[in-house]
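Participant: Sharing a structure below in structure tokens format, with a few things to ask.
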Amino acid sequence: MFSDSKVYRDALTAAVPENIDGAIRGKTILVTGSTGLIGTVMIDALMQYGGCEKVIAGTRSRETAVKRFGEHMSNPGFSIAQYDLFKPFDLLEKCHYIIHLAANANPALYHTRPVDTLTGLIYGVDRLLMYCARRKGTRFVYLSSNEVYGQTDACPVCEDDMGRVDILSGRSCYPMGKRAAETLCACYHQQYGVNCVVARACHVYGPTMTASDNRAASQFLKDAVDGRDIVLQSDGSAVRSYMFVSDCVNGVLTAMAKGEVAGAYNVSSDAHSILEIATAIAEIAGVNVTIPEKASGEDRGYSPIARNIVSNDKLKALGWEPQYTLQKGIAASLDVMRGK
């Protein structure tokens, strides 16, 4: 269990903003994508906080959720809701908040299964928004992505900046799916009065990634923990905004509790090149970084955008601040993965 680690428990404490107690105490919160990188920390952080009436882990696989959250199964304040995103969604419990984290975040599948990626993003949001339209009083929090901005000259990118996305590229299944999902949120708010807010996450890393997670930072951490050298699939020059997972959860909860209705907030921290991320992990873990002579990640579904730095000023205006530097976040990730 991750919670056996004091480093992990400290990260959970940092994940729940102190100034939102009044918004979540005594409330029931459903978290979809609960067994993923962000969802695992969201569930564990809310359970450690202990002030919610109930925390519900939404998942496609009950078996996976039981393995992830076995320590919570005997707690009456926790339950698992198994659902199919292509079918109508309903719950017996009254949810005060739905935090929708579920998404296909595997870049390799953007290349091999773009149809499933696009339709899954749209149908998943639609079914949950239908539920919110029927059950008045539920606030819907959608975790989007900074990939919605596409190719833009703005730097850093603010919430109102929208760039170009090649709609005839299969790789666009992910950013266009996220854009469509955000528009659905706006439409359900306009037509049915659904209370919603969008959190656009940057690239997130941490120790709770799934076994199939092949995103760059996740793969680097896995290699480092196993004592393998980190092998880049590109020249490492692409620059992204990165953040540690507990800072992301803190940002999403801040937007949920304090963000304006139908508004959008970037959830991001400092910008680094992929090579800088790999080098920082390698130095802390004591391994090397290598770049193949003809490295290219394009056929694996990685974003073709060379520079994607987003502003977090709007979220900071709500009182949010990141707690983890890159080095602190990497060290925490490696410690937890090593059982410390």
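Within each chain, counting starts at residue 1; across the structure tokens, chains are named A, B, ... in the order shown, with ligands numbered 1 upward in that order.
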Could you produce a table of the residues of region 146-233 of chain A lying within 6 Å of region 251-270 of chain A, with the nearest pair of atoms per residue and their separation in Å rounded to one decimal, using only C-alpha atoms, ordered by chain and increasing residue number, as JSON lines?

Facilitator:
```
{"residue": "A:Asn195", "atom": "CA", "partner": "A:Val261", "partner_atom": "CA", "distance": 5.9}
{"residue": "A:Cys196", "atom": "CA", "partner": "A:Ala262", "partner_atom": "CA", "distance": 5.2}
{"residue": "A:Val197", "atom": "CA", "partner": "A:Ala262", "partner_atom": "CA", "distance": 4.9}
{"residue": "A:Val198", "atom": "CA", "partner": "A:Ala264", "partner_atom": "CA", "distance": 4.5}
{"residue": "A:Ala199", "atom": "CA", "partner": "A:Tyr265", "partner_atom": "CA", "distance": 4.9}
{"residue": "A:Arg200", "atom": "CA", "partner": "A:Asn266", "partner_atom": "CA", "distance": 4.7}
{"residue": "A:Ala201", "atom": "CA", "partner": "A:Val267", "partner_atom": "CA", "distance": 4.7}
{"residue": "A:Cys202", "atom": "CA", "partner": "A:Ser268", "partner_atom": "CA", "distance": 5.2}
```

Participant: If you keep N, CA, C and O atoms, can you produce a file of those selected residues as a short mmCIF file (atom, residue, chain, number, x, y, z; two decimals), in the first residue's frame?

Facilitator:
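The resulting file, again-v8.cif, is shown below:
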```cif
data_model
loop_
_atom_site.label_atom_id
_atom_site.label_comp_id
_atom_site.auth_asym_id
_atom_site.auth_seq_id
_atom_site.Cartn_x
_atom_site.Cartn_y
_atom_site.Cartn_z
N ASN A 195 -23.93 23.04 -12.97
CA ASN A 195 -22.84 23.76 -12.31
C ASN A 195 -21.53 23.03 -12.62
O ASN A 195 -21.31 21.91 -12.13
N CYS A 196 -20.67 23.62 -13.40
CA CYS A 196 -19.46 22.93 -13.83
C CYS A 196 -18.26 23.86 -13.81
O CYS A 196 -18.39 25.09 -13.84
N VAL A 197 -17.08 23.26 -13.75
CA VAL A 197 -15.83 24.00 -13.83
C VAL A 197 -14.79 23.10 -14.48
O VAL A 197 -14.84 21.87 -14.32
N VAL A 198 -13.89 23.70 -15.25
CA VAL A 198 -12.87 22.94 -15.99
C VAL A 198 -11.50 23.22 -15.40
O VAL A 198 -11.14 24.38 -15.16
N ALA A 199 -10.74 22.15 -15.17
CA ALA A 199 -9.34 22.27 -14.73
C ALA A 199 -8.46 21.69 -15.82
O ALA A 199 -8.56 20.49 -16.13
N ARG A 200 -7.62 22.51 -16.41
CA ARG A 200 -6.75 22.06 -17.51
C ARG A 200 -5.36 21.72 -16.95
O ARG A 200 -4.56 22.60 -16.66
N ALA A 201 -5.11 20.45 -16.82
CA ALA A 201 -3.87 19.99 -16.20
C ALA A 201 -2.72 20.00 -17.20
O ALA A 201 -2.89 19.73 -18.39
N CYS A 202 -1.53 20.30 -16.69
CA CYS A 202 -0.32 20.17 -17.49
C CYS A 202 0.18 18.73 -17.37
O CYS A 202 -0.58 17.83 -16.99
#
```

Participant: List the spatial neighbours of Thr35 (chain A) as a PyMOL selection string - criterion: any atom at most 10 Å away, only C-alpha atoms, same-chain residues fewer than 5 positions off excluded.

Facilitator: chain A and resi 40-43+57-62+64-69+101-102+208-210

Participant: Just N, CA and C atoms for this one: save the residues we selected as a PDB file, in the first residue's frame.

Facilitator:
```
ATOM      1  N   THR A  40      -5.847   8.058  -7.922  1.00  0.00           N
ATOM      2  CA  THR A  40      -5.407   7.361  -6.720  1.00  0.00           C
ATOM      3  C   THR A  40      -5.078   8.341  -5.606  1.00  0.00           C
ATOM      4  N   VAL A  41      -4.338   9.391  -5.934  1.00  0.00           N
ATOM      5  CA  VAL A  41      -3.978  10.389  -4.930  1.00  0.00           C
ATOM      6  C   VAL A  41      -5.212  11.173  -4.491  1.00  0.00           C
ATOM      7  N   MET A  42      -6.119  11.466  -5.419  1.00  0.00           N
ATOM      8  CA  MET A  42      -7.352  12.175  -5.061  1.00  0.00           C
ATOM      9  C   MET A  42      -8.153  11.373  -4.035  1.00  0.00           C
ATOM     10  N   ILE A  43      -8.360  10.089  -4.291  1.00  0.00           N
ATOM     11  CA  ILE A  43      -9.118   9.244  -3.364  1.00  0.00           C
ATOM     12  C   ILE A  43      -8.410   9.150  -2.018  1.00  0.00           C
ATOM     13  N   ALA A  57     -15.276   5.881  -5.412  1.00  0.00           N
ATOM     14  CA  ALA A  57     -14.299   5.635  -6.470  1.00  0.00           C
ATOM     15  C   ALA A  57     -15.017   5.087  -7.699  1.00  0.00           C
ATOM     16  N   GLY A  58     -15.133   5.902  -8.735  1.00  0.00           N
ATOM     17  CA  GLY A  58     -15.732   5.458  -9.987  1.00  0.00           C
ATOM     18  C   GLY A  58     -14.703   4.745 -10.835  1.00  0.00           C
ATOM     19  N   THR A  59     -15.071   3.581 -11.377  1.00  0.00           N
ATOM     20  CA  THR A  59     -14.093   2.770 -12.099  1.00  0.00           C
ATOM     21  C   THR A  59     -14.774   1.813 -13.072  1.00  0.00           C
ATOM     22  N   ARG A  60     -14.056   1.418 -14.110  1.00  0.00           N
ATOM     23  CA  ARG A  60     -14.532   0.375 -15.015  1.00  0.00           C
ATOM     24  C   ARG A  60     -14.333  -1.000 -14.408  1.00  0.00           C
ATOM     25  N   SER A  61     -13.309  -1.145 -13.582  1.00  0.00           N
ATOM     26  CA  SER A  61     -12.946  -2.447 -13.025  1.00  0.00           C
ATOM     27  C   SER A  61     -12.998  -2.416 -11.507  1.00  0.00           C
ATOM     28  N   ARG A  62     -13.982  -3.084 -10.945  1.00  0.00           N
ATOM     29  CA  ARG A  62     -14.083  -3.156  -9.490  1.00  0.00           C
ATOM     30  C   ARG A  62     -12.868  -3.878  -8.906  1.00  0.00           C
ATOM     31  N   THR A  64      -9.767  -3.928  -9.955  1.00  0.00           N
ATOM     32  CA  THR A  64      -8.621  -3.029  -9.872  1.00  0.00           C
ATOM     33  C   THR A  64      -8.784  -2.041  -8.722  1.00  0.00           C
ATOM     34  N   ALA A  65     -10.000  -1.525  -8.541  1.00  0.00           N
ATOM     35  CA  ALA A  65     -10.253  -0.562  -7.467  1.00  0.00           C
ATOM     36  C   ALA A  65     -10.072  -1.201  -6.097  1.00  0.00           C
ATOM     37  N   VAL A  66     -10.514  -2.431  -5.941  1.00  0.00           N
ATOM     38  CA  VAL A  66     -10.350  -3.119  -4.658  1.00  0.00           C
ATOM     39  C   VAL A  66      -8.869  -3.300  -4.340  1.00  0.00           C
ATOM     40  N   LYS A  67      -8.072  -3.631  -5.360  1.00  0.00           N
ATOM     41  CA  LYS A  67      -6.630  -3.775  -5.145  1.00  0.00           C
ATOM     42  C   LYS A  67      -5.992  -2.444  -4.758  1.00  0.00           C
ATOM     43  N   ARG A  68      -6.405  -1.394  -5.428  1.00  0.00           N
ATOM     44  CA  ARG A  68      -5.832  -0.071  -5.154  1.00  0.00           C
ATOM     45  C   ARG A  68      -6.230   0.442  -3.778  1.00  0.00           C
ATOM     46  N   PHE A  69      -7.502   0.234  -3.409  1.00  0.00           N
ATOM     47  CA  PHE A  69      -8.049   0.888  -2.224  1.00  0.00           C
ATOM     48  C   PHE A  69      -8.503  -0.097  -1.157  1.00  0.00           C
ATOM     49  N   LEU A 101     -11.990  12.484 -13.769  1.00  0.00           N
ATOM     50  CA  LEU A 101     -10.587  12.343 -14.139  1.00  0.00           C
ATOM     51  C   LEU A 101     -10.373  11.282 -15.208  1.00  0.00           C
ATOM     52  N   ALA A 102     -11.365  10.449 -15.447  1.00  0.00           N
ATOM     53  CA  ALA A 102     -11.191   9.306 -16.349  1.00  0.00           C
ATOM     54  C   ALA A 102     -10.940   9.770 -17.780  1.00  0.00           C
ATOM     55  N   THR A 208       2.141   7.097  -8.469  1.00  0.00           N
ATOM     56  CA  THR A 208       0.908   6.302  -8.551  1.00  0.00           C
ATOM     57  C   THR A 208       0.496   5.983  -9.985  1.00  0.00           C
ATOM     58  N   MET A 209       1.433   6.090 -10.904  1.00  0.00           N
ATOM     59  CA  MET A 209       1.098   5.777 -12.296  1.00  0.00           C
ATOM     60  C   MET A 209       0.707   4.299 -12.439  1.00  0.00           C
ATOM     61  N   THR A 210      -0.091   4.000 -13.470  1.00  0.00           N
ATOM     62  CA  THR A 210      -0.480   2.618 -13.727  1.00  0.00           C
ATOM     63  C   THR A 210       0.641   1.882 -14.461  1.00  0.00           C
TER      64      THR A 210
END
```

Participant: CA of Gly150 (chain A) and CA of Asp247 (chain A) are how many Å apart?

Facilitator: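 Atom-to-atom, CA of Gly150 (chain A) and CA of Asp247 (chain A) are spaced 23.7 Å apart.
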
Participant: Could you give me the residues within region 235-305 of chain A that DSSP places in strand (DSSP E or B), as a count of residues only?

Facilitator: 15

Participant: To one decimal place in Å, what is the distance between CA of Gly70 (chain A) and CA of Val31 (chain A)?

Facilitator: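 Result for CA of Gly70 (chain A) versus CA of Val31 (chain A): 16.4 Å, one decimal.
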